[in-house]
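**Q** Here's a structure for you.
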Amino acid sequence: MLTATYTGYALEAGLDEAGRGCLAGPVFAAAVILPPDFAPQFLNDSKQLSAKRRDALRPIICAEAVAWAVGQASVAEITSINIAQASYLAMHRAVAALNIEPAHLLVDGNRFTPMVGFAHTCIIGGDGLYRNIAAASILAKTFRDEHMVALAEEFPEYGWQQNAGYPTASHRAAIRAHGPSPHHRMGFRLL
């Protein structure tokens, strides 16, 4: 059973990212503030859920959250500042887009670039421990997957509708056969 919050604050925002290890596409992040009694069935780290379960939970999270927002950092930004800093930038953008100011930021992972005016706590594996981070992981993952499906319409040869830009054998084979697209992260080892 996941815990509601780390601090006990009603306006604690969970933060998580999706797409950090991908070869293509932007990195997405979400910030989610949940009501204290929010505990839908199957809520968990997005990596532990099927796509069908994630897609079923997303509208529930969006409808019932006190506040939620999604941010992203582009491939150009990933190239310019590195993937870790781009992940933090996407998280900062998600927090800035919230329509309610959070009292605390609960971040999945072991590092975070502090935001002025916000206290934060980093929790390794937090998406499997806290509901607000789990909800953020689901939103970041589903919004990013949706974005990659849209990009796949223009670049179908890379199979992004299946691999979401992750380094699968078939994705690498497509890069070998067709070369990289404008959405590939050229600073990453593509082959």
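Letters A, B, ... go to the chains of the structure tokens in the order shown; residues in each chain start at 1; ligands are counted from 1 in the same order.
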Would you please extract all helix (DSSP H, G or I) residues from chain A, as assigned by DSSP on the backbone, and give them as a PDB file with N, CA and C atoms, in the first residue's frame?

**A**
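Contents of out-v5.pdb, as written:
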ATOM      1  N   SER A  46       4.489   3.673 -12.468  1.00  0.00           N
ATOM      2  CA  SER A  46       4.032   3.413 -13.843  1.00  0.00           C
ATOM      3  C   SER A  46       4.750   2.239 -14.487  1.00  0.00           C
ATOM      4  N   LYS A  47       6.006   1.997 -14.096  1.00  0.00           N
ATOM      5  CA  LYS A  47       6.768   0.885 -14.681  1.00  0.00           C
ATOM      6  C   LYS A  47       6.220  -0.479 -14.252  1.00  0.00           C
ATOM      7  N   GLN A  48       5.443  -0.488 -13.170  1.00  0.00           N
ATOM      8  CA  GLN A  48       4.851  -1.736 -12.673  1.00  0.00           C
ATOM      9  C   GLN A  48       3.467  -2.008 -13.259  1.00  0.00           C
ATOM     10  N   ALA A  51       0.225  -0.797 -19.966  1.00  0.00           N
ATOM     11  CA  ALA A  51      -0.225   0.421 -20.648  1.00  0.00           C
ATOM     12  C   ALA A  51      -1.727   0.612 -20.448  1.00  0.00           C
ATOM     13  N   LYS A  52      -2.473  -0.475 -20.455  1.00  0.00           N
ATOM     14  CA  LYS A  52      -3.933  -0.399 -20.271  1.00  0.00           C
ATOM     15  C   LYS A  52      -4.269   0.164 -18.888  1.00  0.00           C
ATOM     16  N   ARG A  53      -3.565  -0.290 -17.850  1.00  0.00           N
ATOM     17  CA  ARG A  53      -3.809   0.214 -16.489  1.00  0.00           C
ATOM     18  C   ARG A  53      -3.405   1.686 -16.370  1.00  0.00           C
ATOM     19  N   ARG A  54      -2.246   2.039 -16.953  1.00  0.00           N
ATOM     20  CA  ARG A  54      -1.823   3.451 -16.919  1.00  0.00           C
ATOM     21  C   ARG A  54      -2.858   4.336 -17.603  1.00  0.00           C
ATOM     22  N   ASP A  55      -3.326   3.895 -18.767  1.00  0.00           N
ATOM     23  CA  ASP A  55      -4.311   4.680 -19.520  1.00  0.00           C
ATOM     24  C   ASP A  55      -5.641   4.785 -18.782  1.00  0.00           C
ATOM     25  N   ALA A  56      -5.999   3.766 -18.005  1.00  0.00           N
ATOM     26  CA  ALA A  56      -7.237   3.813 -17.208  1.00  0.00           C
ATOM     27  C   ALA A  56      -7.081   4.740 -16.011  1.00  0.00           C
ATOM     28  N   LEU A  57      -5.891   4.797 -15.411  1.00  0.00           N
ATOM     29  CA  LEU A  57      -5.669   5.630 -14.231  1.00  0.00           C
ATOM     30  C   LEU A  57      -5.499   7.107 -14.575  1.00  0.00           C
ATOM     31  N   ARG A  58      -4.967   7.412 -15.750  1.00  0.00           N
ATOM     32  CA  ARG A  58      -4.697   8.815 -16.099  1.00  0.00           C
ATOM     33  C   ARG A  58      -5.925   9.715 -15.960  1.00  0.00           C
ATOM     34  N   PRO A  59      -7.092   9.383 -16.551  1.00  0.00           N
ATOM     35  CA  PRO A  59      -8.228  10.300 -16.391  1.00  0.00           C
ATOM     36  C   PRO A  59      -8.734  10.399 -14.948  1.00  0.00           C
ATOM     37  N   ILE A  60      -8.547   9.351 -14.170  1.00  0.00           N
ATOM     38  CA  ILE A  60      -8.943   9.391 -12.756  1.00  0.00           C
ATOM     39  C   ILE A  60      -8.047  10.379 -12.008  1.00  0.00           C
ATOM     40  N   ILE A  61      -6.745  10.277 -12.249  1.00  0.00           N
ATOM     41  CA  ILE A  61      -5.794  11.194 -11.612  1.00  0.00           C
ATOM     42  C   ILE A  61      -6.106  12.637 -12.025  1.00  0.00           C
ATOM     43  N   CYS A  62      -6.301  12.860 -13.317  1.00  0.00           N
ATOM     44  CA  CYS A  62      -6.549  14.217 -13.814  1.00  0.00           C
ATOM     45  C   CYS A  62      -7.844  14.797 -13.254  1.00  0.00           C
ATOM     46  N   ALA A  63      -8.859  13.953 -13.102  1.00  0.00           N
ATOM     47  CA  ALA A  63     -10.159  14.430 -12.606  1.00  0.00           C
ATOM     48  C   ALA A  63     -10.161  14.675 -11.102  1.00  0.00           C
ATOM     49  N   GLU A  64      -9.426  13.857 -10.351  1.00  0.00           N
ATOM     50  CA  GLU A  64      -9.541  13.903  -8.896  1.00  0.00           C
ATOM     51  C   GLU A  64      -8.384  14.590  -8.180  1.00  0.00           C
ATOM     52  N   VAL A  75      14.545  17.925 -27.138  1.00  0.00           N
ATOM     53  CA  VAL A  75      15.783  17.243 -27.533  1.00  0.00           C
ATOM     54  C   VAL A  75      16.938  18.246 -27.585  1.00  0.00           C
ATOM     55  N   ALA A  76      16.683  19.458 -28.100  1.00  0.00           N
ATOM     56  CA  ALA A  76      17.727  20.494 -28.147  1.00  0.00           C
ATOM     57  C   ALA A  76      18.197  20.853 -26.741  1.00  0.00           C
ATOM     58  N   GLU A  77      17.258  20.942 -25.800  1.00  0.00           N
ATOM     59  CA  GLU A  77      17.638  21.248 -24.415  1.00  0.00           C
ATOM     60  C   GLU A  77      18.405  20.091 -23.786  1.00  0.00           C
ATOM     61  N   ILE A  78      18.006  18.865 -24.084  1.00  0.00           N
ATOM     62  CA  ILE A  78      18.735  17.690 -23.587  1.00  0.00           C
ATOM     63  C   ILE A  78      20.171  17.730 -24.087  1.00  0.00           C
ATOM     64  N   THR A  79      20.346  18.054 -25.368  1.00  0.00           N
ATOM     65  CA  THR A  79      21.679  18.133 -25.966  1.00  0.00           C
ATOM     66  C   THR A  79      22.492  19.252 -25.339  1.00  0.00           C
ATOM     67  N   SER A  80      21.853  20.371 -25.076  1.00  0.00           N
ATOM     68  CA  SER A  80      22.545  21.550 -24.568  1.00  0.00           C
ATOM     69  C   SER A  80      22.955  21.427 -23.103  1.00  0.00           C
ATOM     70  N   ILE A  81      22.064  20.905 -22.257  1.00  0.00           N
ATOM     71  CA  ILE A  81      22.342  20.942 -20.811  1.00  0.00           C
ATOM     72  C   ILE A  81      22.510  19.569 -20.163  1.00  0.00           C
ATOM     73  N   ILE A  83      20.919  15.271 -19.990  1.00  0.00           N
ATOM     74  CA  ILE A  83      19.624  14.659 -19.686  1.00  0.00           C
ATOM     75  C   ILE A  83      19.204  14.864 -18.234  1.00  0.00           C
ATOM     76  N   ALA A  84      20.144  14.836 -17.298  1.00  0.00           N
ATOM     77  CA  ALA A  84      19.779  15.039 -15.893  1.00  0.00           C
ATOM     78  C   ALA A  84      19.223  16.446 -15.700  1.00  0.00           C
ATOM     79  N   GLN A  85      19.935  17.450 -16.182  1.00  0.00           N
ATOM     80  CA  GLN A  85      19.478  18.836 -16.031  1.00  0.00           C
ATOM     81  C   GLN A  85      18.174  19.080 -16.791  1.00  0.00           C
ATOM     82  N   ALA A  86      18.021  18.439 -17.951  1.00  0.00           N
ATOM     83  CA  ALA A  86      16.776  18.574 -18.721  1.00  0.00           C
ATOM     84  C   ALA A  86      15.606  17.945 -17.960  1.00  0.00           C
ATOM     85  N   SER A  87      15.849  16.846 -17.260  1.00  0.00           N
ATOM     86  CA  SER A  87      14.803  16.219 -16.441  1.00  0.00           C
ATOM     87  C   SER A  87      14.360  17.165 -15.333  1.00  0.00           C
ATOM     88  N   TYR A  88      15.324  17.816 -14.676  1.00  0.00           N
ATOM     89  CA  TYR A  88      14.977  18.769 -13.618  1.00  0.00           C
ATOM     90  C   TYR A  88      14.230  19.966 -14.203  1.00  0.00           C
ATOM     91  N   LEU A  89      14.651  20.418 -15.395  1.00  0.00           N
ATOM     92  CA  LEU A  89      13.976  21.535 -16.053  1.00  0.00           C
ATOM     93  C   LEU A  89      12.515  21.183 -16.348  1.00  0.00           C
ATOM     94  N   ALA A  90      12.284  19.967 -16.846  1.00  0.00           N
ATOM     95  CA  ALA A  90      10.912  19.527 -17.115  1.00  0.00           C
ATOM     96  C   ALA A  90      10.095  19.494 -15.819  1.00  0.00           C
ATOM     97  N   MET A  91      10.712  19.041 -14.716  1.00  0.00           N
ATOM     98  CA  MET A  91      10.025  19.036 -13.421  1.00  0.00           C
ATOM     99  C   MET A  91       9.707  20.462 -12.974  1.00  0.00           C
ATOM    100  N   HIS A  92      10.669  21.364 -13.125  1.00  0.00           N
ATOM    101  CA  HIS A  92      10.444  22.771 -12.758  1.00  0.00           C
ATOM    102  C   HIS A  92       9.272  23.343 -13.558  1.00  0.00           C
ATOM    103  N   ARG A  93       9.219  23.017 -14.840  1.00  0.00           N
ATOM    104  CA  ARG A  93       8.126  23.514 -15.679  1.00  0.00           C
ATOM    105  C   ARG A  93       6.785  22.953 -15.234  1.00  0.00           C
ATOM    106  N   ALA A  94       6.771  21.695 -14.826  1.00  0.00           N
ATOM    107  CA  ALA A  94       5.525  21.100 -14.333  1.00  0.00           C
ATOM    108  C   ALA A  94       5.068  21.803 -13.048  1.00  0.00           C
ATOM    109  N   VAL A  95       5.994  22.031 -12.121  1.00  0.00           N
ATOM    110  CA  VAL A  95       5.646  22.713 -10.872  1.00  0.00           C
ATOM    111  C   VAL A  95       5.140  24.127 -11.170  1.00  0.00           C
ATOM    112  N   ALA A  96       5.828  24.833 -12.064  1.00  0.00           N
ATOM    113  CA  ALA A  96       5.433  26.206 -12.407  1.00  0.00           C
ATOM    114  C   ALA A  96       4.042  26.256 -13.042  1.00  0.00           C
ATOM    115  N   ALA A  97       3.639  25.176 -13.692  1.00  0.00           N
ATOM    116  CA  ALA A  97       2.335  25.139 -14.370  1.00  0.00           C
ATOM    117  C   ALA A  97       1.183  24.742 -13.442  1.00  0.00           C
ATOM    118  N   GLY A 126      10.729   6.419  -5.059  1.00  0.00           N
ATOM    119  CA  GLY A 126       9.545   7.057  -4.498  1.00  0.00           C
ATOM    120  C   GLY A 126       8.267   6.752  -5.247  1.00  0.00           C
ATOM    121  N   ASP A 127       8.382   6.428  -6.541  1.00  0.00           N
ATOM    122  CA  ASP A 127       7.182   6.119  -7.330  1.00  0.00           C
ATOM    123  C   ASP A 127       6.532   4.814  -6.884  1.00  0.00           C
ATOM    124  N   GLY A 128       7.246   4.001  -6.150  1.00  0.00           N
ATOM    125  CA  GLY A 128       6.680   2.773  -5.603  1.00  0.00           C
ATOM    126  C   GLY A 128       6.339   2.889  -4.126  1.00  0.00           C
ATOM    127  N   ARG A 131       1.886   7.884  -3.130  1.00  0.00           N
ATOM    128  CA  ARG A 131       0.807   8.002  -4.126  1.00  0.00           C
ATOM    129  C   ARG A 131       1.015   9.178  -5.072  1.00  0.00           C
ATOM    130  N   ASN A 132       1.458  10.328  -4.526  1.00  0.00           N
ATOM    131  CA  ASN A 132       1.603  11.499  -5.385  1.00  0.00           C
ATOM    132  C   ASN A 132       2.714  11.318  -6.422  1.00  0.00           C
ATOM    133  N   ILE A 133       3.789  10.634  -6.058  1.00  0.00           N
ATOM    134  CA  ILE A 133       4.847  10.369  -7.041  1.00  0.00           C
ATOM    135  C   ILE A 133       4.374   9.311  -8.040  1.00  0.00           C
ATOM    136  N   ALA A 134       3.682   8.285  -7.567  1.00  0.00           N
ATOM    137  CA  ALA A 134       3.147   7.263  -8.475  1.00  0.00           C
ATOM    138  C   ALA A 134       2.217   7.902  -9.502  1.00  0.00           C
ATOM    139  N   ALA A 135       1.353   8.811  -9.042  1.00  0.00           N
ATOM    140  CA  ALA A 135       0.442   9.502  -9.960  1.00  0.00           C
ATOM    141  C   ALA A 135       1.226  10.341 -10.960  1.00  0.00           C
ATOM    142  N   ALA A 136       2.275  11.023 -10.488  1.00  0.00           N
ATOM    143  CA  ALA A 136       3.117  11.813 -11.388  1.00  0.00           C
ATOM    144  C   ALA A 136       3.818  10.917 -12.405  1.00  0.00           C
ATOM    145  N   SER A 137       4.253   9.741 -11.970  1.00  0.00           N
ATOM    146  CA  SER A 137       4.927   8.827 -12.900  1.00  0.00           C
ATOM    147  C   SER A 137       3.967   8.374 -14.000  1.00  0.00           C
ATOM    148  N   ILE A 138       2.715   8.144 -13.639  1.00  0.00           N
ATOM    149  CA  ILE A 138       1.706   7.717 -14.619  1.00  0.00           C
ATOM    150  C   ILE A 138       1.418   8.841 -15.619  1.00  0.00           C
ATOM    151  N   LEU A 139       1.259  10.066 -15.127  1.00  0.00           N
ATOM    152  CA  LEU A 139       0.992  11.177 -16.047  1.00  0.00           C
ATOM    153  C   LEU A 139       2.186  11.445 -16.954  1.00  0.00           C
ATOM    154  N   ALA A 140       3.386  11.478 -16.398  1.00  0.00           N
ATOM    155  CA  ALA A 140       4.571  11.724 -17.230  1.00  0.00           C
ATOM    156  C   ALA A 140       4.700  10.649 -18.315  1.00  0.00           C
ATOM    157  N   LYS A 141       4.521   9.403 -17.939  1.00  0.00           N
ATOM    158  CA  LYS A 141       4.660   8.288 -18.882  1.00  0.00           C
ATOM    159  C   LYS A 141       3.573   8.322 -19.954  1.00  0.00           C
ATOM    160  N   THR A 142       2.320   8.511 -19.567  1.00  0.00           N
ATOM    161  CA  THR A 142       1.241   8.453 -20.568  1.00  0.00           C
ATOM    162  C   THR A 142       1.276   9.658 -21.497  1.00  0.00           C
ATOM    163  N   PHE A 143       1.576  10.849 -20.975  1.00  0.00           N
ATOM    164  CA  PHE A 143       1.669  12.013 -21.860  1.00  0.00           C
ATOM    165  C   PHE A 143       2.860  11.888 -22.794  1.00  0.00           C
ATOM    166  N   ARG A 144       3.977  11.348 -22.306  1.00  0.00           N
ATOM    167  CA  ARG A 144       5.138  11.166 -23.187  1.00  0.00           C
ATOM    168  C   ARG A 144       4.859  10.100 -24.248  1.00  0.00           C
ATOM    169  N   ASP A 145       4.274   8.981 -23.852  1.00  0.00           N
ATOM    170  CA  ASP A 145       3.939   7.932 -24.824  1.00  0.00           C
ATOM    171  C   ASP A 145       3.016   8.472 -25.909  1.00  0.00           C
ATOM    172  N   GLU A 146       2.027   9.261 -25.508  1.00  0.00           N
ATOM    173  CA  GLU A 146       1.100   9.866 -26.466  1.00  0.00           C
ATOM    174  C   GLU A 146       1.857  10.772 -27.446  1.00  0.00           C
ATOM    175  N   HIS A 147       2.818  11.530 -26.937  1.00  0.00           N
ATOM    176  CA  HIS A 147       3.638  12.403 -27.785  1.00  0.00           C
ATOM    177  C   HIS A 147       4.454  11.579 -28.781  1.00  0.00           C
ATOM    178  N   MET A 148       5.021  10.478 -28.316  1.00  0.00           N
ATOM    179  CA  MET A 148       5.847   9.641 -29.200  1.00  0.00           C
ATOM    180  C   MET A 148       4.995   8.954 -30.264  1.00  0.00           C
ATOM    181  N   VAL A 149       3.762   8.581 -29.942  1.00  0.00           N
ATOM    182  CA  VAL A 149       2.849   8.017 -30.950  1.00  0.00           C
ATOM    183  C   VAL A 149       2.573   9.057 -32.030  1.00  0.00           C
ATOM    184  N   ALA A 150       2.388  10.317 -31.627  1.00  0.00           N
ATOM    185  CA  ALA A 150       2.167  11.389 -32.601  1.00  0.00           C
ATOM    186  C   ALA A 150       3.401  11.580 -33.486  1.00  0.00           C
ATOM    187  N   LEU A 151       4.599  11.537 -32.895  1.00  0.00           N
ATOM    188  CA  LEU A 151       5.825  11.660 -33.698  1.00  0.00           C
ATOM    189  C   LEU A 151       5.990  10.472 -34.643  1.00  0.00           C
ATOM    190  N   ALA A 152       5.511   9.311 -34.230  1.00  0.00           N
ATOM    191  CA  ALA A 152       5.620   8.102 -35.062  1.00  0.00           C
ATOM    192  C   ALA A 152       4.809   8.216 -36.339  1.00  0.00           C
ATOM    193  N   GLU A 153       3.787   9.050 -36.349  1.00  0.00           N
ATOM    194  CA  GLU A 153       3.016   9.236 -37.580  1.00  0.00           C
ATOM    195  C   GLU A 153       3.876   9.859 -38.668  1.00  0.00           C
ATOM    196  N   GLU A 154       4.793  10.738 -38.266  1.00  0.00           N
ATOM    197  CA  GLU A 154       5.703  11.379 -39.220  1.00  0.00           C
ATOM    198  C   GLU A 154       6.934  10.520 -39.508  1.00  0.00           C
ATOM    199  N   PRO A 156       7.389   6.755 -39.068  1.00  0.00           N
ATOM    200  CA  PRO A 156       6.925   5.414 -38.690  1.00  0.00           C
ATOM    201  C   PRO A 156       8.021   4.353 -38.655  1.00  0.00           C
ATOM    202  N   GLU A 157       9.113   4.600 -39.357  1.00  0.00           N
ATOM    203  CA  GLU A 157      10.160   3.580 -39.477  1.00  0.00           C
ATOM    204  C   GLU A 157      10.850   3.237 -38.153  1.00  0.00           C
ATOM    205  N   TYR A 158      10.747   4.110 -37.151  1.00  0.00           N
ATOM    206  CA  TYR A 158      11.450   3.859 -35.889  1.00  0.00           C
ATOM    207  C   TYR A 158      10.626   3.095 -34.852  1.00  0.00           C
ATOM    208  N   TRP A 160       8.215   4.098 -32.852  1.00  0.00           N
ATOM    209  CA  TRP A 160       8.015   4.800 -31.579  1.00  0.00           C
ATOM    210  C   TRP A 160       6.656   4.528 -30.965  1.00  0.00           C
ATOM    211  N   GLN A 161       5.674   4.135 -31.764  1.00  0.00           N
ATOM    212  CA  GLN A 161       4.362   3.814 -31.201  1.00  0.00           C
ATOM    213  C   GLN A 161       4.443   2.562 -30.328  1.00  0.00           C
ATOM    214  N   GLN A 162       5.477   1.746 -30.516  1.00  0.00           N
ATOM    215  CA  GLN A 162       5.693   0.584 -29.650  1.00  0.00           C
ATOM    216  C   GLN A 162       6.800   0.819 -28.620  1.00  0.00           C
ATOM    217  N   ASN A 163       7.929   1.408 -29.051  1.00  0.00           N
ATOM    218  CA  ASN A 163       9.082   1.504 -28.147  1.00  0.00           C
ATOM    219  C   ASN A 163       9.221   2.847 -27.434  1.00  0.00           C
ATOM    220  N   ALA A 169      16.210  -3.262 -29.592  1.00  0.00           N
ATOM    221  CA  ALA A 169      16.986  -3.768 -30.724  1.00  0.00           C
ATOM    222  C   ALA A 169      16.378  -3.298 -32.046  1.00  0.00           C
ATOM    223  N   SER A 170      15.055  -3.315 -32.161  1.00  0.00           N
ATOM    224  CA  SER A 170      14.416  -2.899 -33.415  1.00  0.00           C
ATOM    225  C   SER A 170      14.575  -1.394 -33.646  1.00  0.00           C
ATOM    226  N   HIS A 171      14.559  -0.608 -32.586  1.00  0.00           N
ATOM    227  CA  HIS A 171      14.777   0.837 -32.728  1.00  0.00           C
ATOM    228  C   HIS A 171      16.196   1.102 -33.230  1.00  0.00           C
ATOM    229  N   ARG A 172      17.161   0.426 -32.636  1.00  0.00           N
ATOM    230  CA  ARG A 172      18.550   0.615 -33.077  1.00  0.00           C
ATOM    231  C   ARG A 172      18.740   0.119 -34.509  1.00  0.00           C
ATOM    232  N   ALA A 173      18.071  -0.957 -34.876  1.00  0.00           N
ATOM    233  CA  ALA A 173      18.153  -1.463 -36.254  1.00  0.00           C
ATOM    234  C   ALA A 173      17.582  -0.438 -37.228  1.00  0.00           C
ATOM    235  N   ALA A 174      16.499   0.245 -36.836  1.00  0.00           N
ATOM    236  CA  ALA A 174      15.901   1.274 -37.692  1.00  0.00           C
ATOM    237  C   ALA A 174      16.837   2.472 -37.833  1.00  0.00           C
ATOM    238  N   ILE A 175      17.522   2.847 -36.766  1.00  0.00           N
ATOM    239  CA  ILE A 175      18.499   3.944 -36.852  1.00  0.00           C
ATOM    240  C   ILE A 175      19.633   3.544 -37.794  1.00  0.00           C
ATOM    241  N   ARG A 176      20.071   2.292 -37.682  1.00  0.00           N
ATOM    242  CA  ARG A 176      21.137   1.794 -38.560  1.00  0.00           C
ATOM    243  C   ARG A 176      20.692   1.840 -40.023  1.00  0.00           C
ATOM    244  N   ALA A 177      19.455   1.474 -40.286  1.00  0.00           N
ATOM    245  CA  ALA A 177      18.939   1.407 -41.659  1.00  0.00           C
ATOM    246  C   ALA A 177      18.597   2.784 -42.235  1.00  0.00           C
ATOM    247  N   HIS A 178      18.050   3.674 -41.417  1.00  0.00           N
ATOM    248  CA  HIS A 178      17.522   4.945 -41.927  1.00  0.00           C
ATOM    249  C   HIS A 178      18.298   6.169 -41.467  1.00  0.00           C
TER     250      HIS A 178
END

**Q** Identify, on the basis of only C-alpha atoms, every residue whose closest approach to Pro102 of chain A does not exceed 10 Å; exclude the query and any residue fewer than 4 positions from it along the same chain; express the result as JSON, numbers by chain.

**A** {"A": [9, 10, 11, 12, 13, 14, 31, 32, 33, 67, 95, 96, 98, 118, 119]}

**Q** Once DSSP has gone over the backbone, tell me which residues of segment 1-149 of chain A are in strand (DSSP E), as a PyMOL selection string.

**A** chain A and resi 12-18+27-33+67-73+104-108+120-123

**Q** So that I can check the surroundings of His184 of chain A, please list as a list in words every protein, DNA and RNA residue that reaches within 9 Å of it, counting only C-alpha atoms and ignoring chain neighbours fewer than 3 positions away.

**A**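 So the residues in contact are Cys22, Leu23, Ala24, Gly25, Val75, Gly165, Pro180, Ser181, Gly187, Phe188 and Leu190 of chain A.
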
**Q** Kindly export the residues of the current selection with N, CA and C atoms, as a short mmCIF file (atom, residue, chain, number, x, y, z; two decimals), in the first residue's frame.

**A**
data_model
loop_
_atom_site.label_atom_id
_atom_site.label_comp_id
_atom_site.auth_asym_id
_atom_site.auth_seq_id
_atom_site.Cartn_x
_atom_site.Cartn_y
_atom_site.Cartn_z
N CYS A 22 15.66 7.33 -23.00
CA CYS A 22 15.28 7.15 -24.41
C CYS A 22 16.36 7.67 -25.36
N LEU A 23 16.31 7.19 -26.58
CA LEU A 23 17.21 7.66 -27.63
C LEU A 23 16.60 8.79 -28.43
N ALA A 24 15.28 8.98 -28.30
CA ALA A 24 14.58 9.98 -29.10
C ALA A 24 13.48 10.63 -28.28
N GLY A 25 13.14 11.86 -28.68
CA GLY A 25 12.02 12.57 -28.08
C GLY A 25 12.39 13.34 -26.84
N VAL A 75 14.55 17.93 -27.14
CA VAL A 75 15.78 17.24 -27.53
C VAL A 75 16.94 18.25 -27.58
N GLY A 165 10.63 5.39 -28.08
CA GLY A 165 11.95 5.99 -28.19
C GLY A 165 13.02 5.31 -27.36
N PRO A 180 19.57 8.70 -38.12
CA PRO A 180 18.79 9.33 -37.07
C PRO A 180 17.80 10.36 -37.63
N SER A 181 16.72 10.57 -36.90
CA SER A 181 15.73 11.58 -37.24
C SER A 181 16.08 12.88 -36.51
N GLY A 187 23.50 13.31 -28.71
CA GLY A 187 24.51 13.15 -27.68
C GLY A 187 24.49 11.78 -27.02
N PHE A 188 23.47 10.96 -27.37
CA PHE A 188 23.35 9.61 -26.82
C PHE A 188 24.00 8.60 -27.76
N LEU A 190 23.51 6.07 -30.03
CA LEU A 190 22.35 5.59 -30.76
C LEU A 190 22.52 4.16 -31.24
#

**Q** For Pro167 of chain A, which residue out of A:Gly117, A:Gly21, A:Asp37, A:Leu2 is the nearest one, using only C-alpha atoms?

**A**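 Looking at the shortest contact to Pro167 of chain A, the residue is A:Gly21.
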
**Q** Work out how far atom CA of Tyr130 of chain A is from atom CA of Thr3 of chain A, in Å to one decimal.

**A** 4.8 Å

**Q** Which value, in Å to one decimal, gives the distance between atom CA of Ala30 of chain A and atom CA of Met1 of chain A?

**A** 21.5 Å
